[in-house]
$ cat upload-v4.pdb   # PDB, C-alpha atoms
ATOM      1  CA  MET A  60      11.710  16.464  20.073  1.00  0.00           C
ATOM      2  CA  SER A  61       9.742  19.713  20.010  1.00  0.00           C
ATOM      3  CA  THR A  62       8.757  21.603  23.111  1.00  0.00           C
ATOM      4  CA  ALA A  63       5.029  21.988  23.733  1.00  0.00           C
ATOM      5  CA  TYR A  64       3.654  25.488  23.400  1.00  0.00           C
ATOM      6  CA  VAL A  65       2.765  27.056  26.751  1.00  0.00           C
ATOM      7  CA  ALA A  66       0.255  29.881  26.552  1.00  0.00           C
ATOM      8  CA  VAL A  67       0.827  33.096  28.494  1.00  0.00           C
ATOM      9  CA  PRO A  68      -2.272  35.232  29.115  1.00  0.00           C
ATOM     10  CA  PHE A  69      -2.515  38.103  26.642  1.00  0.00           C
ATOM     11  CA  GLN A  70       0.846  37.323  25.045  1.00  0.00           C
ATOM     12  CA  ALA A  71       0.769  36.232  21.421  1.00  0.00           C
ATOM     13  CA  PRO A  72       3.484  34.109  19.834  1.00  0.00           C
ATOM     14  CA  ALA A  73       5.927  36.281  17.887  1.00  0.00           C
ATOM     15  CA  GLY A  74       4.739  37.018  14.347  1.00  0.00           C
ATOM     16  CA  SER A  75       1.291  35.500  14.868  1.00  0.00           C
ATOM     17  CA  GLU A  76      -1.707  36.968  13.101  1.00  0.00           C
ATOM     18  CA  VAL A  77      -5.496  36.918  13.331  1.00  0.00           C
ATOM     19  CA  SER A  78      -8.044  37.134  10.529  1.00  0.00           C
ATOM     20  CA  GLY A  79      -9.958  40.376  10.082  1.00  0.00           C
ATOM     21  CA  ARG A  80     -13.121  38.271  10.415  1.00  0.00           C
ATOM     22  CA  LEU A  81     -12.393  37.862  14.112  1.00  0.00           C
ATOM     23  CA  LEU A  82     -11.670  41.563  14.632  1.00  0.00           C
ATOM     24  CA  ARG A  83     -15.127  42.397  13.311  1.00  0.00           C
ATOM     25  CA  ALA A  84     -16.615  40.698  16.387  1.00  0.00           C
ATOM     26  CA  TYR A  85     -15.484  43.686  18.456  1.00  0.00           C
ATOM     27  CA  PHE A  86     -18.099  45.739  16.621  1.00  0.00           C
ATOM     28  CA  THR A  87     -20.903  43.194  16.226  1.00  0.00           C
ATOM     29  CA  ASN A  88     -21.441  41.951  19.768  1.00  0.00           C
ATOM     30  CA  LEU A  89     -24.073  42.665  22.410  1.00  0.00           C
ATOM     31  CA  GLU A  90     -21.597  44.704  24.496  1.00  0.00           C
ATOM     32  CA  SER A  91     -20.384  46.871  21.609  1.00  0.00           C
ATOM     33  CA  ASP A  92     -21.288  50.104  23.439  1.00  0.00           C
ATOM     34  CA  PHE A  93     -18.601  49.209  25.994  1.00  0.00           C
ATOM     35  CA  VAL A  94     -16.161  47.589  23.544  1.00  0.00           C
ATOM     36  CA  VAL A  95     -16.060  49.942  20.543  1.00  0.00           C
ATOM     37  CA  PRO A  96     -14.537  52.935  22.390  1.00  0.00           C
ATOM     38  CA  ILE A  97     -11.725  50.680  23.621  1.00  0.00           C
ATOM     39  CA  VAL A  98     -11.114  49.280  20.154  1.00  0.00           C
ATOM     40  CA  ALA A  99     -11.099  52.805  18.700  1.00  0.00           C
ATOM     41  CA  ARG A 100      -8.167  53.705  20.969  1.00  0.00           C
ATOM     42  CA  TYR A 101      -6.185  51.073  19.062  1.00  0.00           C
ATOM     43  CA  GLY A 102      -6.990  52.730  15.736  1.00  0.00           C
ATOM     44  CA  LEU A 103      -9.518  50.171  14.483  1.00  0.00           C
ATOM     45  CA  ARG A 104     -12.789  51.040  12.803  1.00  0.00           C
ATOM     46  CA  LEU A 105     -15.343  48.580  11.496  1.00  0.00           C
ATOM     47  CA  ASP A 106     -15.404  50.090   8.004  1.00  0.00           C
ATOM     48  CA  GLU A 107     -11.608  49.731   7.739  1.00  0.00           C
ATOM     49  CA  ILE A 108     -11.288  46.080   8.780  1.00  0.00           C
ATOM     50  CA  ASP A 109     -10.783  43.853   5.763  1.00  0.00           C
ATOM     51  CA  THR A 110     -12.048  40.319   6.376  1.00  0.00           C
ATOM     52  CA  ASN A 111      -9.479  39.016   3.884  1.00  0.00           C
ATOM     53  CA  GLN A 112      -6.526  40.611   5.676  1.00  0.00           C
ATOM     54  CA  TRP A 113      -4.425  39.435   8.594  1.00  0.00           C
ATOM     55  CA  TYR A 114      -3.729  41.577  11.654  1.00  0.00           C
ATOM     56  CA  SER A 115      -1.381  41.280  14.622  1.00  0.00           C
ATOM     57  CA  LEU A 116      -2.577  38.697  17.131  1.00  0.00           C
ATOM     58  CA  GLN A 117      -0.796  40.742  19.811  1.00  0.00           C
ATOM     59  CA  LEU A 118      -3.015  43.719  18.924  1.00  0.00           C
ATOM     60  CA  TYR A 119      -6.034  41.440  19.368  1.00  0.00           C
ATOM     61  CA  TYR A 120      -4.714  40.300  22.752  1.00  0.00           C
ATOM     62  CA  ASP A 121      -3.929  43.867  23.844  1.00  0.00           C
ATOM     63  CA  ILE A 122      -7.510  44.890  23.103  1.00  0.00           C
ATOM     64  CA  ASP A 123      -8.862  41.800  24.895  1.00  0.00           C
ATOM     65  CA  LYS A 124      -6.728  42.595  27.933  1.00  0.00           C
ATOM     66  CA  GLU A 125      -8.021  46.159  28.180  1.00  0.00           C
ATOM     67  CA  ILE A 126     -11.597  44.952  27.755  1.00  0.00           C
ATOM     68  CA  TYR A 127     -11.069  42.269  30.404  1.00  0.00           C
ATOM     69  CA  GLN A 128      -9.746  44.840  32.882  1.00  0.00           C
ATOM     70  CA  GLY A 129     -12.817  47.045  32.409  1.00  0.00           C
ATOM     71  CA  ILE A 130     -15.842  47.101  34.688  1.00  0.00           C
ATOM     72  CA  ASN A 131     -17.867  45.028  32.186  1.00  0.00           C
ATOM     73  CA  GLY A 132     -14.883  42.975  31.036  1.00  0.00           C
ATOM     74  CA  SER A 133     -16.002  39.400  31.558  1.00  0.00           C
ATOM     75  CA  GLU A 134     -19.455  39.983  30.088  1.00  0.00           C
ATOM     76  CA  ALA A 135     -17.977  41.835  27.130  1.00  0.00           C
ATOM     77  CA  LEU A 136     -15.516  39.031  26.352  1.00  0.00           C
ATOM     78  CA  VAL A 137     -18.345  36.475  26.432  1.00  0.00           C
ATOM     79  CA  ALA A 138     -20.331  38.654  24.011  1.00  0.00           C
ATOM     80  CA  ILE A 139     -17.289  39.010  21.753  1.00  0.00           C
ATOM     81  CA  GLY A 140     -16.757  35.243  21.870  1.00  0.00           C
ATOM     82  CA  LYS A 141     -20.318  34.630  20.727  1.00  0.00           C
ATOM     83  CA  ALA A 142     -19.935  37.140  17.895  1.00  0.00           C
ATOM     84  CA  THR A 143     -16.590  35.580  16.975  1.00  0.00           C
ATOM     85  CA  ILE A 144     -18.153  32.132  16.617  1.00  0.00           C
ATOM     86  CA  ALA A 145     -20.908  33.603  14.441  1.00  0.00           C
ATOM     87  CA  ASN A 146     -18.251  35.225  12.209  1.00  0.00           C
ATOM     88  CA  MET A 147     -16.280  31.986  12.020  1.00  0.00           C
ATOM     89  CA  LEU A 148     -19.342  29.920  11.168  1.00  0.00           C
ATOM     90  CA  SER A 149     -20.323  32.317   8.395  1.00  0.00           C
ATOM     91  CA  ARG A 150     -17.097  31.409   6.548  1.00  0.00           C
ATOM     92  CA  SER A 151     -16.702  27.737   7.365  1.00  0.00           C
ATOM     93  CA  SER A 152     -18.087  24.370   6.378  1.00  0.00           C
ATOM     94  CA  TYR A 153     -19.660  23.716   9.791  1.00  0.00           C
ATOM     95  CA  VAL A 154     -23.423  23.332   9.805  1.00  0.00           C
ATOM     96  CA  ASP A 155     -24.148  25.150  13.063  1.00  0.00           C
ATOM     97  CA  LEU A 156     -22.650  26.073  16.418  1.00  0.00           C
ATOM     98  CA  GLU A 157     -23.115  22.562  17.822  1.00  0.00           C
ATOM     99  CA  ASP A 158     -21.280  21.049  14.839  1.00  0.00           C
ATOM    100  CA  TYR A 159     -18.452  23.552  15.303  1.00  0.00           C
ATOM    101  CA  LEU A 160     -18.166  22.910  19.051  1.00  0.00           C
ATOM    102  CA  LEU A 161     -18.166  19.131  18.567  1.00  0.00           C
ATOM    103  CA  ASN A 162     -15.966  18.926  15.480  1.00  0.00           C
ATOM    104  CA  GLY A 163     -14.265  22.216  14.759  1.00  0.00           C
ATOM    105  CA  LEU A 164     -13.046  23.707  17.994  1.00  0.00           C
ATOM    106  CA  THR A 165      -9.585  22.242  17.613  1.00  0.00           C
ATOM    107  CA  THR A 166      -6.056  23.289  16.852  1.00  0.00           C
ATOM    108  CA  LEU A 167      -6.795  22.795  13.153  1.00  0.00           C
ATOM    109  CA  ALA A 168      -9.848  25.073  13.282  1.00  0.00           C
ATOM    110  CA  ALA A 169      -7.705  27.769  14.878  1.00  0.00           C
ATOM    111  CA  ARG A 170      -5.533  27.662  11.751  1.00  0.00           C
ATOM    112  CA  ASP A 171      -8.453  28.991   9.685  1.00  0.00           C
ATOM    113  CA  PHE A 172      -8.470  32.246  11.637  1.00  0.00           C
ATOM    114  CA  ILE A 173      -5.047  32.490  13.292  1.00  0.00           C
ATOM    115  CA  ARG A 174      -1.714  31.889  11.602  1.00  0.00           C
ATOM    116  CA  ASN A 175       2.012  31.815  12.297  1.00  0.00           C
ATOM    117  CA  VAL A 176       1.493  30.110  15.651  1.00  0.00           C
ATOM    118  CA  PRO A 177       3.174  27.034  17.180  1.00  0.00           C
ATOM    119  CA  GLU A 178       1.921  23.641  16.030  1.00  0.00           C
ATOM    120  CA  THR A 179       0.191  22.950  19.343  1.00  0.00           C
ATOM    121  CA  PHE A 180      -1.538  26.347  19.542  1.00  0.00           C
ATOM    122  CA  GLY A 181      -5.330  26.073  19.769  1.00  0.00           C
ATOM    123  CA  PHE A 182      -8.440  26.937  21.709  1.00  0.00           C
TER
END

$ encode --input "upload-v4.pdb" --output "structure tokens"
Amino acid sequence: MSTAYVAVPFQAPAGSEVSGRLLRAYFTNLESDFVVPIVARYGLRLDEIDTNQWYSLQLYYDIDKEIYQGINGSEALVAIGKATIANMLSRSSYVDLEDYLLNGLTTLAARDFIRNVPETFGF
């Protein structure tokens, strides 16, 4: 019997990775003026992110944590979330955001953009 995965805020499962498509949302959101300087401190630049590459999910979480702790943190994370969905939809078979929210926002959908995570990992 396997043990269920228990999420810990801002702590990625060991060896987990995130698609470069999701990292691009840091640069293409409505709060990018606040977000981009934070992301730059982690050595990421929009023109260097390859949408076909995989990056450390812990790096993604570290950036999210710093953004969250900032004065505009909650608003910025909402903006990044919206940009993330747009990036995910641009490379998926879902018709629109409603279709994705109703049918795609599952553990299996997470596998399209996050890998090397426990079986029960999801949004």

$ atom_distance --input "upload-v4.pdb" --atom1 "atom CA of A:Pro68" --atom2 "atom CA of A:Asp92"
24.8 Å

$ closest_residue --input "upload-v4.pdb" --among "A:Tyr127, A:Arg174, A:Val94, A:Ala63" --to "A:Val77" --atoms "all atoms listed in the file"
A:Arg174

$ resolve_selection --input "upload-v4.pdb" --expression "the PyMOL selection byres ((chain A and resi 105-114) around 9)" --output "list in words"
Ser75, Glu76, Val77, Ser78, Gly79, Arg80, Leu81, Leu82, Arg83, Tyr85, Phe86, Leu103, Arg104, Ser115, Leu116, Gln117, Leu118, Tyr119, Phe172, Ile173 and Arg174 of chain A

$ closest_residue --input "upload-v4.pdb" --among "A:Asn88, A:Ile122, A:Val176, A:Ala138" --to "A:Tyr101" --atoms "all atoms listed in the file"
A:Ile122

$ atom_distance --input "upload-v4.pdb" --atom1 "atom CA of A:Gly140" --atom2 "atom CA of A:Lys124"
13.8 Å

$ residues_near_point --input "upload-v4.pdb" --point "(-18.2, 43.5, 29.0)" --cutoff "10 Å" --atoms "only C-alpha atoms" --output "list in words"
Asn88, Leu89, Glu90, Ser91, Asp92, Phe93, Val94, Ile126, Tyr127, Gln128, Gly129, Ile130, Asn131, Gly132, Ser133, Glu134, Ala135, Leu136, Val137, Ala138 and Ile139 of chain A

$ atom_distance --input "upload-v4.pdb" --atom1 "atom CA of A:Thr87" --atom2 "atom CA of A:Ala142"
6.4 Å

$ closest_residue --input "upload-v4.pdb" --among "A:Asn146, A:Tyr120, A:Ala84, A:Ala99" --to "A:Phe69" --atoms "only C-alpha atoms"
A:Tyr120
